[in-house]
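Structure file input22.txt; described as compact mmCIF, C-alpha atoms.
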# COMPACT_ATOMS: atom_id res chain seq x y z
CA MET A 1344 102.89 99.97 95.07
CA SER A 1345 102.02 103.59 95.74
CA ARG A 1346 104.05 105.66 98.16
CA ALA A 1347 101.09 106.15 100.49
CA VAL A 1348 100.45 102.40 100.75
CA ASP A 1349 104.17 101.84 101.27
CA ARG A 1350 104.25 104.30 104.13
CA ALA A 1351 101.03 102.96 105.70
CA GLU A 1352 102.46 99.44 105.74
CA LEU A 1353 105.64 100.80 107.32
CA VAL A 1354 103.75 102.58 110.10
CA GLU A 1355 101.79 99.36 110.65
CA ALA A 1356 105.01 97.29 110.89
CA ASN A 1357 106.32 99.79 113.42
CA ALA A 1358 103.11 99.55 115.47
CA GLU A 1359 103.34 95.73 115.41
CA PHE A 1360 106.76 95.94 117.11
CA TYR A 1361 105.20 97.73 120.07
CA ALA A 1362 102.05 95.54 120.01
CA ALA A 1363 104.23 92.41 120.23
CA PHE A 1364 105.96 93.88 123.29
CA GLU A 1365 102.63 94.86 124.88
CA ALA A 1366 101.33 91.32 124.30
CA GLY A 1367 104.57 89.80 125.69
CA ASP A 1368 104.49 87.49 122.69
CA LEU A 1369 107.97 86.28 121.70
CA ASP A 1370 106.71 84.63 118.49
CA ARG A 1371 105.24 87.91 117.30
CA MET A 1372 108.39 89.77 118.38
CA SER A 1373 110.54 87.24 116.45
CA ALA A 1374 108.44 87.81 113.34
CA VAL A 1375 108.98 91.57 113.57
CA TRP A 1376 112.79 91.35 113.31
CA ALA A 1377 114.74 90.68 110.12
CA ASP A 1378 116.21 87.20 109.61
CA GLY A 1379 118.24 85.22 107.06
CA PRO A 1380 121.01 87.33 105.49
CA TYR A 1381 120.15 90.20 107.85
CA ALA A 1382 120.35 88.15 111.09
CA SER A 1383 123.95 89.06 111.89
CA GLY A 1384 123.29 92.78 111.40
CA VAL A 1385 120.22 92.88 113.68
CA THR A 1386 120.99 95.50 116.31
CA CYS A 1387 119.12 96.73 119.35
CA VAL A 1388 119.81 99.42 121.94
CA HIS A 1389 117.36 99.32 124.85
CA PRO A 1390 117.11 102.63 126.75
CA GLY A 1391 120.20 103.03 128.94
CA TRP A 1392 121.74 99.79 127.68
CA THR A 1393 124.73 99.25 125.46
CA ARG A 1394 124.34 97.74 121.99
CA LEU A 1395 123.10 94.19 121.45
CA ARG A 1396 123.98 92.67 118.12
CA GLY A 1397 122.81 89.62 116.16
CA ARG A 1398 119.27 88.29 115.98
CA ASP A 1399 119.77 85.63 118.69
CA GLU A 1400 121.22 88.06 121.24
CA VAL A 1401 118.53 90.64 120.52
CA LEU A 1402 115.65 88.14 120.82
CA ARG A 1403 117.10 86.75 124.07
CA SER A 1404 116.99 90.27 125.49
CA TRP A 1405 113.34 90.62 124.48
CA ALA A 1406 112.47 87.28 126.09
CA LEU A 1407 114.10 88.51 129.31
CA ILE A 1408 112.48 91.95 129.22
CA MET A 1409 109.02 90.60 128.42
CA ALA A 1410 109.29 87.98 131.19
CA ASN A 1411 110.01 90.81 133.63
CA THR A 1412 107.28 93.15 132.44
CA GLU A 1413 103.89 92.57 134.01
CA TYR A 1414 102.16 95.29 132.07
CA ILE A 1415 103.26 97.82 129.48
CA GLN A 1416 101.37 100.08 127.15
CA PHE A 1417 102.73 102.38 124.46
CA VAL A 1418 101.18 105.47 122.98
CA LEU A 1419 103.30 106.49 120.01
CA THR A 1420 103.42 110.18 119.11
CA ASP A 1421 105.46 112.29 116.68
CA VAL A 1422 105.72 109.32 114.31
CA GLU A 1423 107.83 110.15 111.25
CA ALA A 1424 108.29 107.52 108.56
CA ASP A 1425 110.61 107.83 105.56
CA VAL A 1426 110.85 105.20 102.83
CA TYR A 1427 114.15 105.00 100.90
CA GLY A 1428 113.65 102.21 98.37
CA GLU A 1429 114.29 98.95 100.21
CA HIS A 1430 115.06 100.66 103.53
CA ALA A 1431 112.92 102.82 105.76
CA VAL A 1432 113.37 104.85 108.92
CA VAL A 1433 110.68 105.38 111.54
CA THR A 1434 111.30 107.67 114.48
CA CYS A 1435 108.74 108.19 117.22
CA LYS A 1436 108.22 109.16 120.80
CA GLU A 1437 107.25 106.20 122.99
CA ASN A 1438 104.92 107.35 125.75
CA ILE A 1439 104.97 104.45 128.18
CA LEU A 1440 102.72 103.29 130.98
CA THR A 1441 104.15 100.28 132.79
CA ALA A 1442 103.91 98.15 135.90
CA GLU A 1443 106.98 96.36 137.20
CA GLN A 1444 106.69 92.84 138.52
CA GLY A 1445 106.44 92.65 142.27
CA ALA A 1446 105.81 96.37 142.62
CA GLY A 1447 102.44 95.64 144.25
CA ASN A 1448 98.92 96.13 143.04
CA GLY A 1449 98.05 99.20 141.09
CA PHE A 1450 101.56 100.65 140.85
CA LEU A 1451 102.12 102.19 137.45
CA ALA A 1452 105.00 104.24 136.13
CA GLY A 1453 105.17 106.44 133.06
CA GLY A 1454 107.92 107.88 130.94
CA SER A 1455 108.91 109.00 127.49
CA MET A 1456 111.54 107.48 125.24
CA ILE A 1457 112.62 108.41 121.76
CA ALA A 1458 113.15 105.61 119.24
CA THR A 1459 114.82 105.19 115.88
CA ASN A 1460 113.70 102.10 113.98
CA LEU A 1461 115.35 101.03 110.73
CA PHE A 1462 113.37 98.62 108.56
CA VAL A 1463 114.30 96.58 105.48
CA ARG A 1464 111.87 95.33 102.87
CA VAL A 1465 111.86 91.54 102.72
CA ASP A 1466 109.41 89.63 100.49
CA GLY A 1467 107.22 92.70 100.20
CA GLY A 1468 107.00 93.33 103.96
CA TRP A 1469 108.94 95.52 106.38
CA ARG A 1470 111.21 93.81 108.92
CA LEU A 1471 113.02 95.55 111.75
CA LEU A 1472 116.83 95.66 111.40
CA VAL A 1473 117.87 98.25 113.99
CA HIS A 1474 116.06 99.62 117.06
CA HIS A 1475 117.63 102.33 119.19
CA GLY A 1476 115.62 103.62 122.13
CA SER A 1477 116.75 106.21 124.66
CA PRO A 1478 115.35 108.17 127.58
CA ILE A 1479 114.31 111.79 126.99
CA MET A 1480 115.89 113.79 129.79
CA ASN A 1481 115.79 117.20 128.16
CA ASP A 1482 112.59 117.88 126.26
CA PRO A 1483 112.12 121.53 125.38
CA GLU A 1484 108.42 120.90 124.65
CA GLU A 1485 107.78 119.90 128.26
CA ARG A 1486 109.48 122.81 129.97
CA MET B 456 134.25 98.82 94.29
CA SER B 457 135.19 95.93 96.55
CA ARG B 458 133.32 95.30 99.78
CA ALA B 459 136.44 95.91 101.87
CA VAL B 460 137.05 99.33 100.26
CA ASP B 461 133.36 100.14 100.70
CA ARG B 462 133.49 99.34 104.41
CA ALA B 463 136.77 101.21 104.93
CA GLU B 464 135.28 104.35 103.38
CA LEU B 465 132.23 103.96 105.60
CA VAL B 466 134.33 103.70 108.76
CA GLU B 467 136.27 106.76 107.60
CA ALA B 468 133.04 108.74 107.03
CA ASN B 469 131.92 107.77 110.53
CA ALA B 470 135.25 108.91 111.99
CA GLU B 471 134.96 112.24 110.14
CA PHE B 472 131.66 112.93 111.95
CA TYR B 473 133.44 112.74 115.29
CA ALA B 474 136.53 114.58 114.01
CA ALA B 475 134.33 117.48 112.84
CA PHE B 476 132.81 117.68 116.34
CA GLU B 477 136.27 117.52 117.98
CA ALA B 478 137.45 120.32 115.69
CA GLY B 479 134.30 122.38 116.40
CA ASP B 480 134.14 122.97 112.65
CA LEU B 481 130.58 123.61 111.44
CA ASP B 482 131.59 123.52 107.76
CA ARG B 483 133.05 120.04 108.18
CA MET B 484 129.99 118.99 110.21
CA SER B 485 127.70 120.33 107.45
CA ALA B 486 129.60 118.30 104.87
CA VAL B 487 129.14 115.11 106.90
CA TRP B 488 125.33 115.25 106.81
CA ALA B 489 123.16 114.35 103.82
CA ASP B 490 121.61 117.17 101.80
CA GLY B 491 119.39 117.72 98.74
CA PRO B 492 116.55 115.17 98.56
CA TYR B 493 117.62 113.77 101.94
CA ALA B 494 117.58 117.11 103.81
CA SER B 495 114.05 116.75 105.18
CA GLY B 496 114.76 113.24 106.51
CA VAL B 497 117.97 114.20 108.33
CA THR B 498 117.40 113.14 111.93
CA CYS B 499 119.49 113.49 115.08
CA VAL B 500 119.00 112.38 118.68
CA HIS B 501 121.64 113.80 121.01
CA PRO B 502 122.07 111.80 124.25
CA GLY B 503 119.12 112.55 126.55
CA TRP B 504 117.44 114.82 124.00
CA THR B 505 114.33 114.28 122.00
CA ARG B 506 114.46 113.96 118.21
CA LEU B 507 115.59 116.78 115.95
CA ARG B 508 114.48 116.54 112.35
CA GLY B 509 115.49 118.28 109.14
CA ARG B 510 118.98 119.31 108.08
CA ASP B 511 118.60 122.93 109.24
CA GLU B 512 117.36 122.05 112.73
CA VAL B 513 120.04 119.39 113.15
CA LEU B 514 122.89 121.68 112.03
CA ARG B 515 121.63 124.48 114.32
CA SER B 516 121.90 122.06 117.24
CA TRP B 517 125.47 121.21 116.29
CA ALA B 518 126.39 124.89 116.04
CA LEU B 519 124.99 125.38 119.56
CA ILE B 520 126.65 122.29 121.01
CA MET B 521 130.04 123.04 119.46
CA ALA B 522 129.89 126.67 120.65
CA ASN B 523 129.37 125.36 124.19
CA THR B 524 132.06 122.69 124.08
CA GLU B 525 135.53 123.89 124.98
CA TYR B 526 137.20 120.54 124.46
CA ILE B 527 135.98 117.12 123.47
CA GLN B 528 137.76 113.98 122.38
CA PHE B 529 136.27 110.70 121.20
CA VAL B 530 137.77 107.26 121.29
CA LEU B 531 135.49 104.96 119.31
CA THR B 532 135.35 101.30 120.27
CA ASP B 533 133.21 98.31 119.29
CA VAL B 534 132.74 99.80 115.81
CA GLU B 535 130.46 97.65 113.66
CA ALA B 536 129.79 98.69 110.06
CA ASP B 537 127.29 97.03 107.74
CA VAL B 538 126.82 98.03 104.12
CA TYR B 539 123.41 97.33 102.53
CA GLY B 540 123.70 98.59 98.97
CA GLU B 541 123.12 102.35 99.04
CA HIS B 542 122.59 102.43 102.82
CA ALA B 543 124.90 101.56 105.67
CA VAL B 544 124.70 101.29 109.44
CA VAL B 545 127.56 102.03 111.82
CA THR B 546 127.16 101.42 115.53
CA CYS B 547 129.90 102.24 118.01
CA LYS B 548 130.68 103.08 121.57
CA GLU B 549 131.72 106.71 122.04
CA ASN B 550 134.24 106.99 124.85
CA ILE B 551 134.30 110.68 125.61
CA LEU B 552 136.70 113.01 127.36
CA THR B 553 135.32 116.52 127.61
CA ALA B 554 135.73 119.88 129.30
CA GLU B 555 132.72 122.11 129.78
CA GLN B 556 133.02 125.84 129.23
CA GLY B 557 133.47 127.79 132.42
CA ALA B 558 134.15 124.68 134.47
CA GLY B 559 137.60 126.01 135.38
CA ASN B 560 141.06 124.99 134.28
CA GLY B 561 141.88 121.35 134.00
CA PHE B 562 138.42 120.00 134.71
CA LEU B 563 137.67 117.06 132.49
CA ALA B 564 134.75 114.65 132.49
CA GLY B 565 134.43 111.27 130.85
CA GLY B 566 131.59 109.03 129.84
CA SER B 567 130.40 106.42 127.41
CA MET B 568 127.61 106.73 124.89
CA ILE B 569 126.32 104.27 122.33
CA ALA B 570 125.60 105.53 118.84
CA THR B 571 123.70 104.33 115.80
CA ASN B 572 124.64 106.14 112.59
CA LEU B 573 122.77 105.55 109.33
CA PHE B 574 124.56 106.61 106.15
CA VAL B 575 123.40 106.93 102.54
CA ARG B 576 125.64 106.73 99.50
CA VAL B 577 125.58 110.01 97.57
CA ASP B 578 127.85 110.59 94.55
CA GLY B 579 130.06 107.69 95.63
CA GLY B 580 130.56 108.94 99.19
CA TRP B 581 128.80 108.22 102.48
CA ARG B 582 126.66 110.97 104.02
CA LEU B 583 125.05 110.82 107.46
CA LEU B 584 121.23 110.61 107.44
CA VAL B 585 120.42 109.58 111.03
CA HIS B 586 122.44 109.82 114.25
CA HIS B 587 121.06 108.48 117.52
CA GLY B 588 123.28 108.71 120.58
CA SER B 589 122.35 107.66 124.11
CA PRO B 590 123.97 107.29 127.50
CA ILE B 591 125.02 103.82 128.66
CA MET B 592 123.67 103.42 132.18
CA ASN B 593 123.73 99.65 132.38
CA ASP B 594 126.84 98.10 130.80
CA PRO B 595 127.30 94.42 131.70
CA GLU B 596 130.94 94.58 130.54
CA GLU B 597 131.76 97.13 133.20
CA ARG B 598 130.26 95.35 136.21

Whole structure, structure tokens version:
Amino acid sequence: MSRAVDRAELVEANAEFYAAFEAGDLDRMSAVWADGPYASGVTCVHPGWTRLRGRDEVLRSWALIMANTEYIQFVLTDVEADVYGEHAVVTCKENILTAEQGAGNGFLAGGSMIATNLFVRVDGGWRLLVHHGSPIMNDPEER
Amino acid sequence: MSRAVDRAELVEANAEFYAAFEAGDLDRMSAVWADGPYASGVTCVHPGWTRLRGRDEVLRSWALIMANTEYIQFVLTDVEADVYGEHAVVTCKENILTAEQGAGNGFLAGGSMIATNLFVRVDGGWRLLVHHGSPIMNDPEER
């Protein structure tokens, strides 16, 4: 497989993570994350949260978050994707438009997070092993 | 090399990253981070910052941060270390005691961050490729 194809599939796998969240679809979100021998090492840091570890704990958190998100949309910018053999790192800025449940009609909030996503190659596809997201409070580009 | 030795060396490499920061020693910090073919993929997210990318940009940020840190001490807890062949992931809670320059004598501040550190094996040793640190604003253990 060429490097360009490899990288394109990686960027696509990264986009599917955010699409699964936008769709609020736990089955799609479950398919994004690594399983089997990697299940115990699955790690997720939601912005402002401490670390969650293990596939079950991480997917429970996504079920909770998606149940409490009425609407969310991501525009990913500054996407950098590096393939290192069977592992790959994607970092990107998550530009978010969201509506919280019960916030009333038409209320939307925006914000920017920065994310590090570590993928592993399993059966020819990229599965998410580690996600670390955090709020950007000090962005020199926006001063 | 046995798995236990492998993991012990990884935890030691992770500790050296924080020791270099505590010592304010840019040479030690430079030695911690990956170089050569990995230099362009070196990535660092300081808590609340956006992403820095490339070995030079990342090391410049450390020079700046260390020059502006009079005193800092880390106690690492909840250290989890997973070795995946030539790559390894360490996540840990950084319990920080710090003094800011010019804050007057005896003023110390504390806080907790969560960190994801991705290492690559180079010449038999572990070098840091990605660091992502973020503030913990919502820790269920501390409620």

- Task: Show me which bits of chain A are within 9 Å of chain B, counting only C-alpha atoms, as a VMD selection string.
- Result: chain A and resid 1384 1386 1388 1390 to 1394 1423 to 1425 1430 1432 1434 to 1436 1456 to 1459 1461 1473 1475 to 1483

Write the selection just made, keeping C-alpha atoms, as a tab-separated table (two decimals), in the coordinates of the input?
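The resulting file, again_19.tsv, is shown below:
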chain	number	residue	atom	x	y	z
A	1384	GLY	CA	123.29	92.78	111.40
A	1386	THR	CA	120.99	95.50	116.31
A	1388	VAL	CA	119.81	99.42	121.94
A	1390	PRO	CA	117.11	102.63	126.75
A	1391	GLY	CA	120.20	103.03	128.94
A	1392	TRP	CA	121.74	99.79	127.68
A	1393	THR	CA	124.73	99.25	125.46
A	1394	ARG	CA	124.34	97.74	121.99
A	1423	GLU	CA	107.83	110.15	111.25
A	1424	ALA	CA	108.29	107.52	108.56
A	1425	ASP	CA	110.61	107.83	105.56
A	1430	HIS	CA	115.06	100.66	103.53
A	1432	VAL	CA	113.37	104.85	108.92
A	1434	THR	CA	111.30	107.67	114.48
A	1435	CYS	CA	108.74	108.19	117.22
A	1436	LYS	CA	108.22	109.16	120.80
A	1456	MET	CA	111.54	107.48	125.24
A	1457	ILE	CA	112.62	108.41	121.76
A	1458	ALA	CA	113.15	105.61	119.24
A	1459	THR	CA	114.82	105.19	115.88
A	1461	LEU	CA	115.35	101.03	110.73
A	1473	VAL	CA	117.87	98.25	113.99
A	1475	HIS	CA	117.63	102.33	119.19
A	1476	GLY	CA	115.62	103.62	122.13
A	1477	SER	CA	116.75	106.21	124.66
A	1478	PRO	CA	115.35	108.17	127.58
A	1479	ILE	CA	114.31	111.79	126.99
A	1480	MET	CA	115.89	113.79	129.79
A	1481	ASN	CA	115.79	117.20	128.16
A	1482	ASP	CA	112.59	117.88	126.26
A	1483	PRO	CA	112.12	121.53	125.38

Every residue with an atom at most 12 Å from (134.2, 98.7, 105.1) (file coordinates; all atoms listed in the file) is what I'm after, so could you write them as a PDB file with C-alpha atoms, in the coordinates of the input?
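Just written: part_21.pdb:
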ATOM      1  CA  MET B 456     134.250  98.820  94.290  1.00  0.00           C
ATOM      2  CA  SER B 457     135.190  95.930  96.550  1.00  0.00           C
ATOM      3  CA  ARG B 458     133.320  95.300  99.780  1.00  0.00           C
ATOM      4  CA  ALA B 459     136.440  95.910 101.870  1.00  0.00           C
ATOM      5  CA  VAL B 460     137.050  99.330 100.260  1.00  0.00           C
ATOM      6  CA  ASP B 461     133.360 100.140 100.700  1.00  0.00           C
ATOM      7  CA  ARG B 462     133.490  99.340 104.410  1.00  0.00           C
ATOM      8  CA  ALA B 463     136.770 101.210 104.930  1.00  0.00           C
ATOM      9  CA  GLU B 464     135.280 104.350 103.380  1.00  0.00           C
ATOM     10  CA  LEU B 465     132.230 103.960 105.600  1.00  0.00           C
ATOM     11  CA  VAL B 466     134.330 103.700 108.760  1.00  0.00           C
ATOM     12  CA  GLU B 467     136.270 106.760 107.600  1.00  0.00           C
ATOM     13  CA  ALA B 468     133.040 108.740 107.030  1.00  0.00           C
ATOM     14  CA  ASN B 469     131.920 107.770 110.530  1.00  0.00           C
ATOM     15  CA  VAL B 534     132.740  99.800 115.810  1.00  0.00           C
ATOM     16  CA  GLU B 535     130.460  97.650 113.660  1.00  0.00           C
ATOM     17  CA  ALA B 536     129.790  98.690 110.060  1.00  0.00           C
ATOM     18  CA  ASP B 537     127.290  97.030 107.740  1.00  0.00           C
ATOM     19  CA  VAL B 538     126.820  98.030 104.120  1.00  0.00           C
ATOM     20  CA  TYR B 539     123.410  97.330 102.530  1.00  0.00           C
ATOM     21  CA  ALA B 543     124.900 101.560 105.670  1.00  0.00           C
ATOM     22  CA  VAL B 544     124.700 101.290 109.440  1.00  0.00           C
ATOM     23  CA  VAL B 545     127.560 102.030 111.820  1.00  0.00           C
ATOM     24  CA  TRP B 581     128.800 108.220 102.480  1.00  0.00           C
TER      25      TRP B 581
END

- Message: Show me the residues close to (109.2, 90.3, 123.1) - anything with an atom within 9 Å, counting all atoms listed in the file - and format the list as an MDAnalysis selection string.
- Response: chainID A and resid 1360:1361 1363:1373 1402:1410

- Taken to one decimal, the CA of Gly565 (chain B)-CA of Leu531 (chain B) distance is 13.2 Å

- Task: Give me, please, the distance in Å between CA of Ala489 (chain B) and CA of Glu525 (chain B), quoted to one decimal.
- Result: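 CA of Glu525 (chain B) lies 26.3 Å from CA of Ala489 (chain B).
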
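The shortest atom-to-atom distance to Trp1376 (chain A), with all atoms listed in the file taken into account, belongs to A:Glu1359 out of A:Thr1441, A:Glu1359, A:Phe1417, A:Leu1451.
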
- Message: Give me the residues near Ala1382 (chain A) as a ChimeraX atom specification, where near means some atom within 6 Å (using all atoms listed in the file) and where sequence neighbours in that chain fewer than 3 positions away do not count.
- Response: /A:1378-1379,1385,1397-1398

Now that the selection is made, can you save its residues with C-alpha atoms as a compact mmCIF listing (two decimals), in the coordinates of the input?
# COMPACT_ATOMS: atom_id res chain seq x y z
CA ASP A 1378 116.21 87.20 109.61
CA GLY A 1379 118.24 85.22 107.06
CA VAL A 1385 120.22 92.88 113.68
CA GLY A 1397 122.81 89.62 116.16
CA ARG A 1398 119.27 88.29 115.98

- Query: Mind pulling up the distance from CA of Gln528 (chain B) to CA of Ala474 (chain B)?
  - Reply: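 Straight-line distance from CA of Ala474 (chain B) to CA of Gln528 (chain B) works out to 8.5 Å.
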